[in-house]
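protein19.cif follows; it contains mmCIF, C-alpha atoms (C1' of nucleotides).
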data_input
loop_
_atom_site.label_atom_id
_atom_site.label_comp_id
_atom_site.auth_asym_id
_atom_site.auth_seq_id
_atom_site.Cartn_x
_atom_site.Cartn_y
_atom_site.Cartn_z
CA MET A 26 -29.76 -30.38 -9.53
CA ALA A 27 -27.72 -27.67 -11.22
CA LEU A 28 -24.46 -28.55 -12.88
CA ALA A 29 -21.28 -27.26 -11.30
CA HIS A 30 -19.59 -24.52 -13.27
CA ALA A 31 -16.23 -25.36 -14.86
CA ASN A 32 -15.05 -21.80 -14.27
CA PRO A 33 -15.96 -20.40 -10.86
CA ALA A 34 -16.39 -17.00 -12.49
CA ASP A 35 -19.39 -18.35 -14.38
CA ALA A 36 -21.12 -18.90 -11.08
CA GLU A 37 -20.86 -15.25 -10.12
CA SER A 38 -24.05 -13.28 -10.32
CA GLY A 39 -24.12 -10.28 -12.62
CA ARG A 40 -23.61 -8.01 -9.67
CA GLU A 41 -20.51 -9.90 -8.47
CA ARG A 42 -19.12 -10.03 -11.98
CA ILE A 43 -19.40 -6.26 -12.26
CA LEU A 44 -17.70 -5.75 -8.89
CA HIS A 45 -14.79 -8.08 -9.61
CA ARG A 46 -14.12 -6.91 -13.17
CA ALA A 47 -14.44 -3.27 -12.16
CA ALA A 48 -12.01 -3.72 -9.28
CA GLU A 49 -9.52 -5.44 -11.59
CA LEU A 50 -9.78 -2.64 -14.13
CA PHE A 51 -9.57 0.15 -11.55
CA LEU A 52 -6.47 -1.50 -10.13
CA ALA A 53 -4.81 -1.84 -13.52
CA ARG A 54 -5.75 1.50 -15.09
CA GLY A 55 -7.32 3.76 -12.48
CA TYR A 56 -10.86 4.95 -11.83
CA ALA A 57 -11.27 7.88 -14.22
CA GLU A 58 -9.38 5.91 -16.87
CA THR A 59 -11.89 3.05 -16.78
CA SER A 60 -15.22 3.67 -18.48
CA LEU A 61 -18.48 1.90 -17.74
CA ARG A 62 -18.40 0.60 -21.31
CA THR A 63 -15.09 -1.14 -20.55
CA ILE A 64 -16.45 -2.57 -17.30
CA ALA A 65 -19.59 -3.78 -19.07
CA ASP A 66 -17.47 -5.47 -21.75
CA ALA A 67 -15.39 -7.27 -19.11
CA ALA A 68 -18.53 -8.32 -17.24
CA GLU A 69 -20.09 -9.51 -20.49
CA MET A 70 -23.14 -7.28 -20.42
CA ARG A 71 -24.32 -3.90 -21.78
CA PRO A 72 -23.46 -0.63 -20.01
CA ALA A 73 -27.08 0.07 -19.13
CA SER A 74 -27.33 -3.21 -17.20
CA ILE A 75 -24.84 -1.95 -14.66
CA TYR A 76 -27.43 0.60 -13.54
CA TYR A 77 -29.80 -2.13 -12.44
CA HIS A 78 -27.23 -3.07 -9.77
CA PHE A 79 -25.59 0.28 -9.00
CA GLU A 80 -26.99 3.77 -8.79
CA SER A 81 -23.89 5.33 -10.35
CA LYS A 82 -20.22 4.75 -11.12
CA ASP A 83 -19.36 6.39 -7.78
CA HIS A 84 -21.64 3.97 -5.90
CA LEU A 85 -19.92 1.05 -7.61
CA LEU A 86 -16.58 2.47 -6.51
CA THR A 87 -17.85 2.93 -2.96
CA GLU A 88 -18.72 -0.73 -2.62
CA ILE A 89 -15.34 -1.78 -3.98
CA LEU A 90 -13.58 0.46 -1.45
CA ASP A 91 -15.70 -0.95 1.38
CA ARG A 92 -14.86 -4.52 0.44
CA GLY A 93 -11.22 -3.56 0.24
CA ILE A 94 -11.20 -2.30 3.81
CA ASP A 95 -13.14 -5.34 4.99
CA GLY A 96 -10.41 -7.51 3.45
CA VAL A 97 -7.57 -6.07 5.53
CA MET A 98 -9.72 -5.76 8.66
CA THR A 99 -10.52 -9.46 8.47
CA ALA A 100 -6.89 -10.29 7.72
CA PHE A 101 -5.85 -8.33 10.81
CA ASP A 102 -8.33 -10.15 13.03
CA GLU A 103 -7.24 -13.55 11.72
CA ALA A 104 -3.58 -12.72 12.22
CA GLU A 105 -4.36 -11.62 15.75
CA LYS A 106 -5.99 -14.98 16.46
CA ARG A 107 -2.98 -16.78 15.06
CA VAL A 108 -0.58 -15.07 17.49
CA GLU A 109 -2.91 -14.92 20.46
CA GLY A 110 -0.82 -15.13 23.60
CA VAL A 111 2.47 -14.81 21.72
CA THR A 112 4.71 -12.22 23.35
CA ASP A 113 7.62 -12.14 20.90
CA GLY A 114 7.24 -8.86 19.01
CA ARG A 115 8.80 -9.96 15.76
CA THR A 116 6.57 -13.02 15.53
CA ARG A 117 3.50 -10.89 16.14
CA LEU A 118 4.60 -8.30 13.58
CA ASN A 119 5.38 -10.95 11.01
CA ALA A 120 1.92 -12.46 11.33
CA HIS A 121 0.23 -9.13 10.71
CA VAL A 122 2.47 -8.09 7.84
CA ALA A 123 1.85 -11.47 6.21
CA GLY A 124 -1.89 -11.01 6.73
CA HIS A 125 -1.85 -7.58 5.10
CA MET A 126 0.24 -8.82 2.17
CA HIS A 127 -2.02 -11.82 1.59
CA ALA A 128 -5.00 -9.50 1.50
CA LEU A 129 -3.16 -7.43 -1.11
CA PHE A 130 -1.99 -10.25 -3.35
CA ALA A 131 -3.73 -13.48 -2.61
CA ASN A 132 -7.24 -12.80 -1.41
CA GLN A 133 -8.98 -9.71 -2.51
CA VAL A 134 -8.55 -7.59 -5.59
CA PHE A 135 -10.74 -5.11 -3.73
CA THR A 136 -8.04 -4.35 -1.20
CA ALA A 137 -5.38 -3.90 -3.86
CA ALA A 138 -7.69 -1.62 -5.83
CA HIS A 139 -8.60 0.41 -2.75
CA ILE A 140 -5.01 1.10 -1.78
CA THR A 141 -3.86 1.83 -5.30
CA ILE A 142 -6.55 4.19 -6.54
CA PHE A 143 -7.46 5.92 -3.27
CA PRO A 144 -5.54 9.16 -3.93
CA PHE A 145 -7.29 9.70 -7.28
CA ILE A 146 -10.95 9.09 -6.66
CA PRO A 147 -13.66 11.78 -6.41
CA ASP A 148 -13.48 13.82 -3.21
CA THR A 149 -16.92 12.77 -1.97
CA VAL A 150 -16.17 9.07 -2.25
CA ARG A 151 -12.76 9.46 -0.66
CA ALA A 152 -14.12 11.40 2.31
CA ARG A 153 -16.57 8.61 3.03
CA ALA A 154 -13.78 6.02 3.22
CA VAL A 155 -11.50 7.98 5.54
CA PRO A 156 -13.04 6.88 8.90
CA GLN A 157 -12.73 3.20 7.94
CA ARG A 158 -9.11 3.69 6.96
CA ASP A 159 -8.44 5.54 10.22
CA GLU A 160 -9.81 2.59 12.16
CA TYR A 161 -7.46 0.21 10.36
CA GLU A 162 -4.54 2.54 10.99
CA ALA A 163 -5.46 2.69 14.67
CA ARG A 164 -5.16 -1.09 14.97
CA TRP A 165 -1.64 -0.91 13.56
CA THR A 166 -0.71 1.95 15.86
CA GLU A 167 -1.82 -0.10 18.84
CA LEU A 168 0.04 -3.16 17.58
CA LEU A 169 3.29 -1.32 16.94
CA GLU A 170 3.19 0.67 20.17
CA GLY A 171 2.76 -2.64 22.00
CA ILE A 172 5.84 -4.04 20.27
CA ALA A 173 8.21 -1.06 20.36
CA THR A 174 7.42 -0.05 23.91
CA GLN A 175 10.64 1.89 24.42
CA LEU A 176 10.11 4.23 21.51
CA PRO A 177 8.27 7.58 21.68
CA LYS A 178 4.87 7.52 19.95
CA GLN A 179 6.07 9.97 17.32
CA ALA A 180 8.81 7.54 16.28
CA VAL A 181 6.32 4.68 16.17
CA ALA A 182 4.12 6.77 13.90
CA TYR A 183 7.02 7.21 11.45
CA ILE A 184 7.73 3.49 11.61
CA ARG A 185 4.09 2.70 10.90
CA LEU A 186 4.03 5.01 7.90
CA SER A 187 7.32 3.66 6.58
CA LEU A 188 5.98 0.15 6.98
CA PHE A 189 2.76 0.97 5.15
CA GLY A 190 4.77 2.59 2.38
CA ALA A 191 6.95 -0.49 2.05
CA MET A 192 4.03 -2.94 2.14
CA ASN A 193 1.69 -1.10 -0.19
CA SER A 194 4.25 0.03 -2.73
CA SER A 195 4.98 -3.62 -3.40
CA LEU A 196 1.76 -3.62 -5.41
CA HIS A 197 3.72 -1.76 -8.07
CA TRP A 198 6.65 -4.14 -8.36
CA PHE A 199 6.12 -7.51 -6.66
CA ASP A 200 5.05 -10.36 -8.88
CA PRO A 201 3.63 -13.34 -6.93
CA ALA A 202 4.86 -15.54 -9.77
CA ASN A 203 8.47 -14.76 -8.76
CA GLY A 204 8.27 -15.47 -5.04
CA THR A 205 5.79 -16.29 -2.35
CA VAL A 206 3.89 -13.59 -0.56
CA ASP A 207 5.11 -15.01 2.75
CA LYS A 208 8.74 -14.54 1.73
CA LEU A 209 8.00 -10.96 0.67
CA ALA A 210 6.38 -10.32 4.05
CA ALA A 211 9.38 -11.82 5.83
CA ALA A 212 11.76 -9.63 3.83
CA ILE A 213 9.83 -6.48 4.72
CA VAL A 214 9.80 -7.41 8.39
CA ALA A 215 13.53 -8.21 8.28
CA THR A 216 14.26 -4.76 6.82
CA LEU A 217 12.22 -3.08 9.52
CA TRP A 218 13.49 -5.24 12.35
CA ASN A 219 17.20 -5.52 11.75
CA GLY A 220 17.94 -2.35 9.89
CA ILE A 221 21.06 -2.16 7.77
CA GLU A 222 23.40 -1.61 10.70
CA SER A 223 23.54 -5.17 11.93
CA HIS A 224 24.57 -6.46 8.51
CA GLN A 225 27.39 -4.11 7.60
CA MET B 4 14.19 48.49 -17.99
CA ALA B 5 11.32 46.19 -17.11
CA LEU B 6 9.77 46.30 -13.65
CA ALA B 7 10.39 43.37 -11.36
CA HIS B 8 7.38 41.15 -10.82
CA ALA B 9 5.86 41.12 -7.35
CA ASN B 10 4.87 37.49 -7.79
CA PRO B 11 7.55 35.32 -9.38
CA ALA B 12 4.78 33.36 -11.07
CA ASP B 13 3.95 36.45 -13.12
CA ALA B 14 7.39 36.28 -14.63
CA GLU B 15 6.79 32.79 -16.00
CA SER B 16 6.22 32.53 -19.68
CA GLY B 17 2.95 31.04 -20.85
CA ARG B 18 4.70 27.77 -21.49
CA GLU B 19 6.15 27.59 -17.96
CA ARG B 20 2.83 28.57 -16.45
CA ILE B 21 1.14 25.69 -18.23
CA LEU B 22 3.80 23.22 -17.08
CA HIS B 23 3.70 24.28 -13.43
CA ARG B 24 -0.08 24.52 -13.12
CA ALA B 25 -0.56 21.22 -14.95
CA ALA B 26 1.95 19.45 -12.70
CA GLU B 27 0.21 20.81 -9.60
CA LEU B 28 -3.16 19.67 -10.86
CA PHE B 29 -1.94 16.23 -11.97
CA LEU B 30 -0.37 15.78 -8.53
CA ALA B 31 -3.54 16.78 -6.70
CA ARG B 32 -6.15 15.05 -8.86
CA GLY B 33 -4.48 12.75 -11.34
CA TYR B 34 -3.90 12.90 -15.09
CA ALA B 35 -7.18 11.64 -16.53
CA GLU B 36 -9.06 13.60 -13.86
CA THR B 37 -7.56 16.91 -14.99
CA SER B 38 -8.94 18.41 -18.19
CA LEU B 39 -7.14 20.83 -20.46
CA ARG B 40 -9.85 23.35 -19.64
CA THR B 41 -8.94 23.17 -15.95
CA ILE B 42 -5.26 23.56 -16.78
CA ALA B 43 -6.01 26.51 -19.05
CA ASP B 44 -8.05 28.16 -16.27
CA ALA B 45 -5.20 27.75 -13.79
CA ALA B 46 -2.70 29.09 -16.33
CA GLU B 47 -5.02 32.03 -17.11
CA MET B 48 -5.47 31.34 -20.78
CA ARG B 49 -7.87 29.60 -23.17
CA PRO B 50 -7.65 25.83 -23.81
CA ALA B 51 -6.70 26.32 -27.45
CA SER B 52 -3.62 28.32 -26.45
CA ILE B 53 -2.08 25.26 -24.84
CA TYR B 54 -1.76 23.73 -28.28
CA TYR B 55 0.59 26.48 -29.39
CA HIS B 56 3.09 25.15 -26.82
CA PHE B 57 2.30 21.43 -26.74
CA GLU B 58 1.29 19.02 -29.45
CA SER B 59 -1.12 17.14 -27.18
CA LYS B 60 -2.02 16.49 -23.56
CA ASP B 61 0.26 13.44 -23.64
CA HIS B 62 3.20 15.57 -24.82
CA LEU B 63 2.59 17.99 -21.95
CA LEU B 64 2.61 15.05 -19.57
CA THR B 65 5.82 13.73 -21.10
CA GLU B 66 7.67 16.96 -20.42
CA ILE B 67 6.42 17.03 -16.82
CA LEU B 68 7.64 13.46 -16.29
CA ASP B 69 11.04 14.30 -17.80
CA ARG B 70 11.47 17.30 -15.52
CA GLY B 71 10.47 15.15 -12.57
CA ILE B 72 13.23 12.64 -13.27
CA ASP B 73 15.73 15.42 -13.86
CA GLY B 74 14.85 16.75 -10.40
CA VAL B 75 15.82 13.59 -8.52
CA MET B 76 18.83 12.92 -10.76
CA THR B 77 20.20 16.36 -9.97
CA ALA B 78 19.39 15.91 -6.28
CA PHE B 79 21.30 12.63 -6.30
CA ASP B 80 24.36 14.20 -7.93
CA GLU B 81 24.36 17.09 -5.49
CA ALA B 82 24.03 14.75 -2.50
CA GLU B 83 26.94 12.72 -3.86
CA LYS B 84 29.09 15.84 -4.01
CA ARG B 85 28.14 16.72 -0.45
CA VAL B 86 29.40 13.36 0.91
CA GLU B 87 32.35 12.95 -1.45
CA GLY B 88 35.04 11.01 0.38
CA VAL B 89 32.78 10.21 3.34
CA THR B 90 32.97 6.54 4.23
CA ASP B 91 30.34 6.32 6.97
CA GLY B 92 27.39 4.54 5.40
CA ARG B 93 24.68 6.15 7.43
CA THR B 94 25.92 9.66 6.66
CA ARG B 95 26.02 8.86 2.97
CA LEU B 96 22.55 7.34 3.04
CA ASN B 97 21.15 10.27 4.98
CA ALA B 98 22.44 12.76 2.42
CA HIS B 99 20.78 10.92 -0.44
CA VAL B 100 17.48 10.35 1.33
CA ALA B 101 17.40 14.05 2.23
CA GLY B 102 18.15 14.94 -1.38
CA HIS B 103 15.32 12.76 -2.67
CA MET B 104 12.88 14.15 -0.10
CA HIS B 105 13.81 17.74 -0.90
CA ALA B 106 13.19 17.06 -4.56
CA LEU B 107 9.76 15.67 -3.59
CA PHE B 108 8.67 18.44 -1.25
CA ALA B 109 10.84 21.49 -1.54
CA ASN B 110 12.08 21.83 -5.08
CA GLN B 111 10.10 20.41 -7.87
CA VAL B 112 6.40 19.77 -8.17
CA PHE B 113 7.39 17.84 -11.30
CA THR B 114 9.08 15.11 -9.27
CA ALA B 115 6.15 14.76 -6.91
CA ALA B 116 3.74 14.63 -9.83
CA HIS B 117 5.88 12.05 -11.66
CA ILE B 118 6.04 9.67 -8.73
CA THR B 119 2.40 10.04 -7.80
CA ILE B 120 0.68 9.66 -11.15
CA PHE B 121 3.10 7.28 -12.85
CA PRO B 122 0.99 4.12 -12.40
CA PHE B 123 -2.06 5.73 -14.04
CA ILE B 124 -0.80 7.43 -17.16
CA PRO B 125 -1.30 6.19 -20.73
CA ASP B 126 0.81 3.14 -21.58
CA THR B 127 2.75 4.85 -24.36
CA VAL B 128 3.86 7.73 -22.14
CA ARG B 129 4.73 5.40 -19.27
CA ALA B 130 6.85 3.12 -21.47
CA ARG B 131 8.91 6.10 -22.60
CA ALA B 132 9.75 7.05 -19.00
CA VAL B 133 10.82 3.58 -17.85
CA PRO B 134 14.50 3.73 -18.96
CA GLN B 135 15.04 7.03 -17.13
CA ARG B 136 13.50 5.59 -13.99
CA ASP B 137 15.66 2.48 -14.31
CA GLU B 138 18.75 4.65 -14.44
CA TYR B 139 17.76 6.42 -11.24
CA GLU B 140 17.05 3.09 -9.57
CA ALA B 141 20.45 1.82 -10.66
CA ARG B 142 22.18 4.68 -8.85
CA TRP B 143 20.39 3.74 -5.65
CA THR B 144 21.24 0.08 -6.10
CA GLU B 145 24.92 0.98 -6.43
CA LEU B 146 24.74 3.29 -3.41
CA LEU B 147 23.03 0.74 -1.17
CA GLU B 148 25.20 -2.17 -2.25
CA GLY B 149 28.22 -0.04 -1.38
CA ILE B 150 26.81 0.61 2.09
CA ALA B 151 25.43 -2.81 3.02
CA THR B 152 28.37 -4.77 1.69
CA GLN B 153 27.67 -7.85 3.79
CA LEU B 154 24.16 -8.38 2.49
CA PRO B 155 23.24 -10.48 -0.55
CA LYS B 156 22.09 -8.40 -3.54
CA GLN B 157 18.60 -9.82 -3.28
CA ALA B 158 18.26 -8.47 0.25
CA VAL B 159 19.60 -5.08 -0.84
CA ALA B 160 16.96 -5.00 -3.58
CA TYR B 161 14.21 -5.50 -0.99
CA ILE B 162 15.73 -2.78 1.17
CA ARG B 163 15.85 -0.42 -1.79
CA LEU B 164 12.21 -1.07 -2.63
CA SER B 165 11.12 -0.73 1.00
CA LEU B 166 13.03 2.54 1.21
CA PHE B 167 11.45 3.87 -1.98
CA GLY B 168 8.04 2.87 -0.67
CA ALA B 169 8.67 4.68 2.60
CA MET B 170 10.06 7.82 0.96
CA ASN B 171 7.52 8.17 -1.81
CA SER B 172 4.44 7.26 0.19
CA SER B 173 5.18 10.27 2.40
CA LEU B 174 3.74 12.35 -0.43
CA HIS B 175 0.36 11.12 0.73
CA TRP B 176 0.67 12.06 4.38
CA PHE B 177 3.60 14.34 5.19
CA ASP B 178 2.81 18.04 5.50
CA PRO B 179 5.95 20.24 5.34
CA ALA B 180 4.07 22.74 7.50
CA ASN B 181 4.24 20.27 10.41
CA GLY B 182 7.91 19.42 10.33
CA THR B 183 11.01 19.94 8.26
CA VAL B 184 11.82 17.74 5.32
CA ASP B 185 15.25 17.08 6.84
CA LYS B 186 13.68 15.67 10.01
CA LEU B 187 11.41 13.46 7.93
CA ALA B 188 14.42 12.18 6.00
CA ALA B 189 16.28 11.52 9.25
CA ALA B 190 13.30 9.59 10.64
CA ILE B 191 13.11 7.40 7.54
CA VAL B 192 16.83 6.68 7.70
CA ALA B 193 16.57 5.92 11.42
CA THR B 194 13.81 3.38 10.77
CA LEU B 195 15.85 1.71 8.07
CA TRP B 196 19.13 1.83 9.95
CA ASN B 197 18.25 0.85 13.48
CA GLY B 198 15.20 -1.27 12.97
CA ILE B 199 12.83 -1.82 15.86
CA GLU B 200 14.99 -4.40 17.59
CA SER B 201 17.50 -2.02 19.10
CA HIS B 202 14.79 0.05 20.74
CA GLN B 203 12.68 -2.61 22.38
"C1'" DG C 26 -32.08 -8.92 -14.91
"C1'" DT C 27 -30.59 -7.63 -19.32
"C1'" DC C 28 -31.48 -5.50 -23.53
"C1'" DT C 29 -31.77 -1.48 -27.46
"C1'" DA C 30 -31.71 3.12 -28.22
"C1'" DT C 31 -30.51 7.44 -27.13
"C1'" DA C 32 -30.02 11.94 -24.47
"C1'" DC C 33 -26.88 15.06 -22.82
"C1'" DC C 34 -22.45 16.52 -21.39
"C1'" DT C 35 -17.42 16.90 -21.26
"C1'" DT C 36 -13.34 15.83 -23.46
"C1'" DG C 37 -9.15 16.53 -26.53
"C1'" DA C 38 -8.25 18.76 -30.51
"C1'" DT C 39 -8.52 21.94 -34.91
"C1'" DA C 40 -9.34 26.22 -37.96
"C1'" DG C 41 -8.51 30.56 -38.60
"C1'" DA C 42 -8.80 35.66 -36.90
"C1'" DC C 43 -6.06 39.01 -34.51
"C1'" DG D 10 1.24 33.97 -28.63
"C1'" DT D 11 -3.48 34.10 -27.54
"C1'" DC D 12 -8.06 34.34 -28.95
"C1'" DT D 13 -13.22 32.73 -30.58
"C1'" DA D 14 -15.72 29.21 -32.39
"C1'" DT D 15 -16.44 24.67 -33.23
"C1'" DC D 16 -16.04 19.57 -34.07
"C1'" DA D 17 -16.02 14.53 -33.41
"C1'" DA D 18 -15.58 11.13 -30.00
"C1'" DG D 19 -16.48 9.16 -25.93
"C1'" DG D 20 -18.24 9.76 -21.15
"C1'" DT D 21 -22.25 8.82 -17.66
"C1'" DA D 22 -26.79 8.11 -17.30
"C1'" DT D 23 -31.93 7.35 -18.58
"C1'" DA D 24 -36.32 5.38 -20.86
"C1'" DG D 25 -38.70 1.75 -21.79
"C1'" DA D 26 -39.13 -3.04 -24.23
"C1'" DC D 27 -38.51 -7.86 -23.27
#
Just give me the structure of the file as structure tokens.
Amino acid sequence: MALAHANPADAESGRERILHRAAELFLARGYAETSLRTIADAAEMRPASIYYHFESKDHLLTEILDRGIDGVMTAFDEAEKRVEGVTDGRTRLNAHVAGHMHALFANQVFTAAHITIFPFIPDTVRARAVPQRDEYEARWTELLEGIATQLPKQAVAYIRLSLFGAMNSSLHWFDPANGTVDKLAAAIVATLWNGIESHQ
Amino acid sequence: MALAHANPADAESGRERILHRAAELFLARGYAETSLRTIADAAEMRPASIYYHFESKDHLLTEILDRGIDGVMTAFDEAEKRVEGVTDGRTRLNAHVAGHMHALFANQVFTAAHITIFPFIPDTVRARAVPQRDEYEARWTELLEGIATQLPKQAVAYIRLSLFGAMNSSLHWFDPANGTVDKLAAAIVATLWNGIESHQ
DNA sequence: GTCTATACCTTGATAGAC
DNA sequence: GTCTATCAAGGTATAGAC
């Protein structure tokens, strides 16, 4: 019987190590700014070894983007299960915002990397990811239109985009060490739900 | 007497041409993704000529970032003048959001470039820009605390960050050809001010 | 599945003529 | 103020041994 690994990272296969370290580096420094030599260093192997697992740097990026989308898609489905049958709009919204934020901060570095570097990746790779992103957006559109039934769809679209801006920009300033992700999610929902007006 | 230039861009000095084309390219593709050869092409000169005007690529970037901050600082001051003496919070907020959005979309490509590429520039350049950004943030903190006087400062900080996320993320999806910047600003303020609750 | 060694290209930057 | 010519470094990627 094999010994358990003290550090879970040791248990990762070479391929998984490359994916995780690359995603971390892309998130921290960007795609073009991160060389395969740097990724190989972080994954504790030689640059050439990466090419056993991935056809090119772009293919490595593609898989990271795919996993990133999978992360939020799964989070959305799980949040939906958690509020199945719930009719209160704010409760439903809160569950989904919390799910998205946990995917960003707690679960998957792939999701954080995807959202952060997306505007600056090669055109071909970005084009491939667009349909998946559209599908995720569509789920949110449906959710929000079901909650704010009195609003015109155009207004809901602005709300959705504002909400995405608020959620995703937190990657640049929120530190999970200084507050729980759930509290951050609740604060974002409170801003969107109450507005400033009611607190003047 | 010199002839007037048909295209205002023709009137730009070599130095200005470099700055504008570089900012446009950094905004569209990112800093590391844009080579000095590409910039030189766009500015209709040879790569070596750039070094007559700028010590290095990082120095060129630094000036673009500085101009970007100047753009929103000036916009903030002008918005403040426009609502001098006005006490209604929403009117004051609307003026400043519109000012920020105009700086992003209508006035200065430098501001848009600054905000977009900031997370992915070399550490040394980024560190130099932080105090200027902090000063701009501080003006918004003061503005928002003066408007939402009943809220704890922590809540105002979340609102400020949500608002910045909403405003700046519009760079990635708003097309000025499909709507005026003023309407976009009004929609963002409406989302923040009314919340969803009042429209259910 | 990982290695050594290396090819080939693009990059930021410099020297010096005009 | 812009050019031609060029360099050294670092980039992605490949060949082939182990």
Using only C-alpha atoms (C1' of nucleotides), can you list as a list of chain:residue names the residues within 12 Å of (-20.3, 9.5, -23.5)?
A:Ser60, A:Leu61, A:Arg62, A:Pro72, C:DT31, C:DA32, C:DC33, C:DC34, C:DT35, C:DT36, D:DA17, D:DA18, D:DG19, D:DG20, D:DT21, D:DA22
Can you give me, as a VMD selection string, the residues this file yields under the PyMOL selection byres ((chain C) within 8 of (chain A))?
chain C and resid 26 to 28
Please report as a Markdown table every residue of chain B lying within 9 Å of chain A, along with the nearest atom pair and their distance in Å (one decimal), using all atoms listed in the file.
| residue | atom | partner | partner_atom | distance |
| --- | --- | --- | --- | --- |
| B:Ala31 | CA | A:Phe145 | CA | 8.0 |
| B:Arg32 | CA | A:Phe145 | CA | 5.7 |
| B:Gly33 | CA | A:Phe145 | CA | 5.8 |
| B:Tyr34 | CA | A:Ala57 | CA | 9.0 |
| B:Ala35 | CA | A:Ala57 | CA | 6.0 |
| B:Glu36 | CA | A:Ala57 | CA | 6.1 |
| B:Gly92 | CA | A:Gln225 | CA | 8.9 |
| B:Arg93 | CA | A:Glu222 | CA | 8.5 |
| B:Thr119 | CA | A:Pro144 | CA | 8.9 |
| B:Ile120 | CA | A:Phe145 | CA | 8.9 |
| B:Pro122 | CA | A:Arg54 | CA | 7.7 |
| B:Phe123 | CA | A:Arg54 | CA | 5.7 |
| B:Ile124 | CA | A:Arg54 | CA | 8.0 |
| B:Pro125 | CA | A:Arg54 | CA | 8.6 |
| B:Ile150 | CA | A:Gln225 | CA | 7.3 |
| B:Ala151 | CA | A:Gln225 | CA | 5.1 |
| B:Thr152 | CA | A:Gln225 | CA | 6.0 |
| B:Gln153 | CA | A:Gln225 | CA | 5.3 |
| B:Leu154 | CA | A:His224 | CA | 6.3 |
| B:Ala158 | CA | A:Ala212 | CA | 7.5 |
| B:Tyr161 | CA | A:Ala212 | CA | 6.8 |
| B:Ile162 | CA | A:Thr216 | CA | 6.2 |
| B:Leu164 | CA | A:Ala191 | CA | 7.1 |
| B:Ser165 | CA | A:Ala191 | CA | 4.3 |
| B:Leu166 | CA | A:Ala191 | CA | 6.8 |
| B:Phe167 | CA | A:Ala191 | CA | 7.4 |
| B:Gly168 | CA | A:Ala191 | CA | 4.5 |
| B:Ala169 | CA | A:Ser187 | CA | 4.3 |
| B:Met170 | CA | A:Ser187 | CA | 7.5 |
| B:Asn171 | CA | A:Gly190 | CA | 7.5 |
| B:Ser172 | CA | A:Gly190 | CA | 5.2 |
| B:Ser173 | CA | A:Gly190 | CA | 7.7 |
| B:His175 | CA | A:Pro144 | CA | 7.8 |
| B:Trp176 | CA | A:Leu186 | CA | 8.6 |
| B:Leu187 | CA | A:Tyr183 | CA | 8.4 |
| B:Ala190 | CA | A:Tyr183 | CA | 6.8 |
| B:Ile191 | CA | A:Ser187 | CA | 7.0 |
| B:Ala193 | CA | A:Gly220 | CA | 8.5 |
| B:Thr194 | CA | A:Ile184 | CA | 6.1 |
| B:Leu195 | CA | A:Gly220 | CA | 4.9 |
| B:Trp196 | CA | A:Gly220 | CA | 4.3 |
| B:Asn197 | CA | A:Gly220 | CA | 4.8 |
| B:Gly198 | CA | A:Gly220 | CA | 4.3 |
| B:Ile199 | CA | A:Trp218 | CA | 4.9 |
| B:Glu200 | CA | A:Trp218 | CA | 5.5 |
| B:Ser201 | CA | A:Asn219 | CA | 8.1 |
| B:His202 | CA | A:Gln175 | CA | 5.8 |
| B:Gln203 | CA | A:Ala173 | CA | 5.1 |
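We find CA of Gly124 in chain A and CA of Val111 in chain A to be spaced 16.1 Å apart.
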List as JSON, numbers by chain the protein and nucleic acid residues near Val206 in chain A, meaning an atom at most 8 Å away when only C-alpha atoms (C1' of nucleotides) are counted, but skip any in the same chain fewer than 2 places from it.
{"A": [123, 126, 127, 130, 131, 201, 204, 208, 209, 210]}
Selection under test: the PyMOL selection byres ((chain A and resi 85) around 12); residues as a VMD selection string
chain A and resid 40 to 48 51 56 61 64 75 to 84 86 to 92 135 150
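Separating CA of Thr112 in chain A from CA of Leu129 in chain A is a distance of 26.1 Å.
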With 12 Å as the threshold, what does the neighbourhood of (28.7, 14.2, -0.8) contain in terms of residues, counting all atoms listed in the file? Coordinates are those of the file; answer as a compact mmCIF listing (two decimals) with C-alpha atoms, in the frame of the given file.
# COMPACT_ATOMS: atom_id res chain seq x y z
CA ALA B 78 19.39 15.91 -6.28
CA PHE B 79 21.30 12.63 -6.30
CA ASP B 80 24.36 14.20 -7.93
CA GLU B 81 24.36 17.09 -5.49
CA ALA B 82 24.03 14.75 -2.50
CA GLU B 83 26.94 12.72 -3.86
CA LYS B 84 29.09 15.84 -4.01
CA ARG B 85 28.14 16.72 -0.45
CA VAL B 86 29.40 13.36 0.91
CA GLU B 87 32.35 12.95 -1.45
CA GLY B 88 35.04 11.01 0.38
CA VAL B 89 32.78 10.21 3.34
CA THR B 90 32.97 6.54 4.23
CA ASP B 91 30.34 6.32 6.97
CA GLY B 92 27.39 4.54 5.40
CA THR B 94 25.92 9.66 6.66
CA ARG B 95 26.02 8.86 2.97
CA LEU B 96 22.55 7.34 3.04
CA ASN B 97 21.15 10.27 4.98
CA ALA B 98 22.44 12.76 2.42
CA HIS B 99 20.78 10.92 -0.44
CA ALA B 101 17.40 14.05 2.23
CA GLY B 102 18.15 14.94 -1.38
CA LEU B 146 24.74 3.29 -3.41
Could you tell me which residues the PyMOL selection byres ((chain D) within 8 of (chain B)) returns for this structure, as number ranges by chain?
D: 10-12
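Between CA of Gly71 in chain B and CA of Glu148 in chain B the separation is 25.0 Å.
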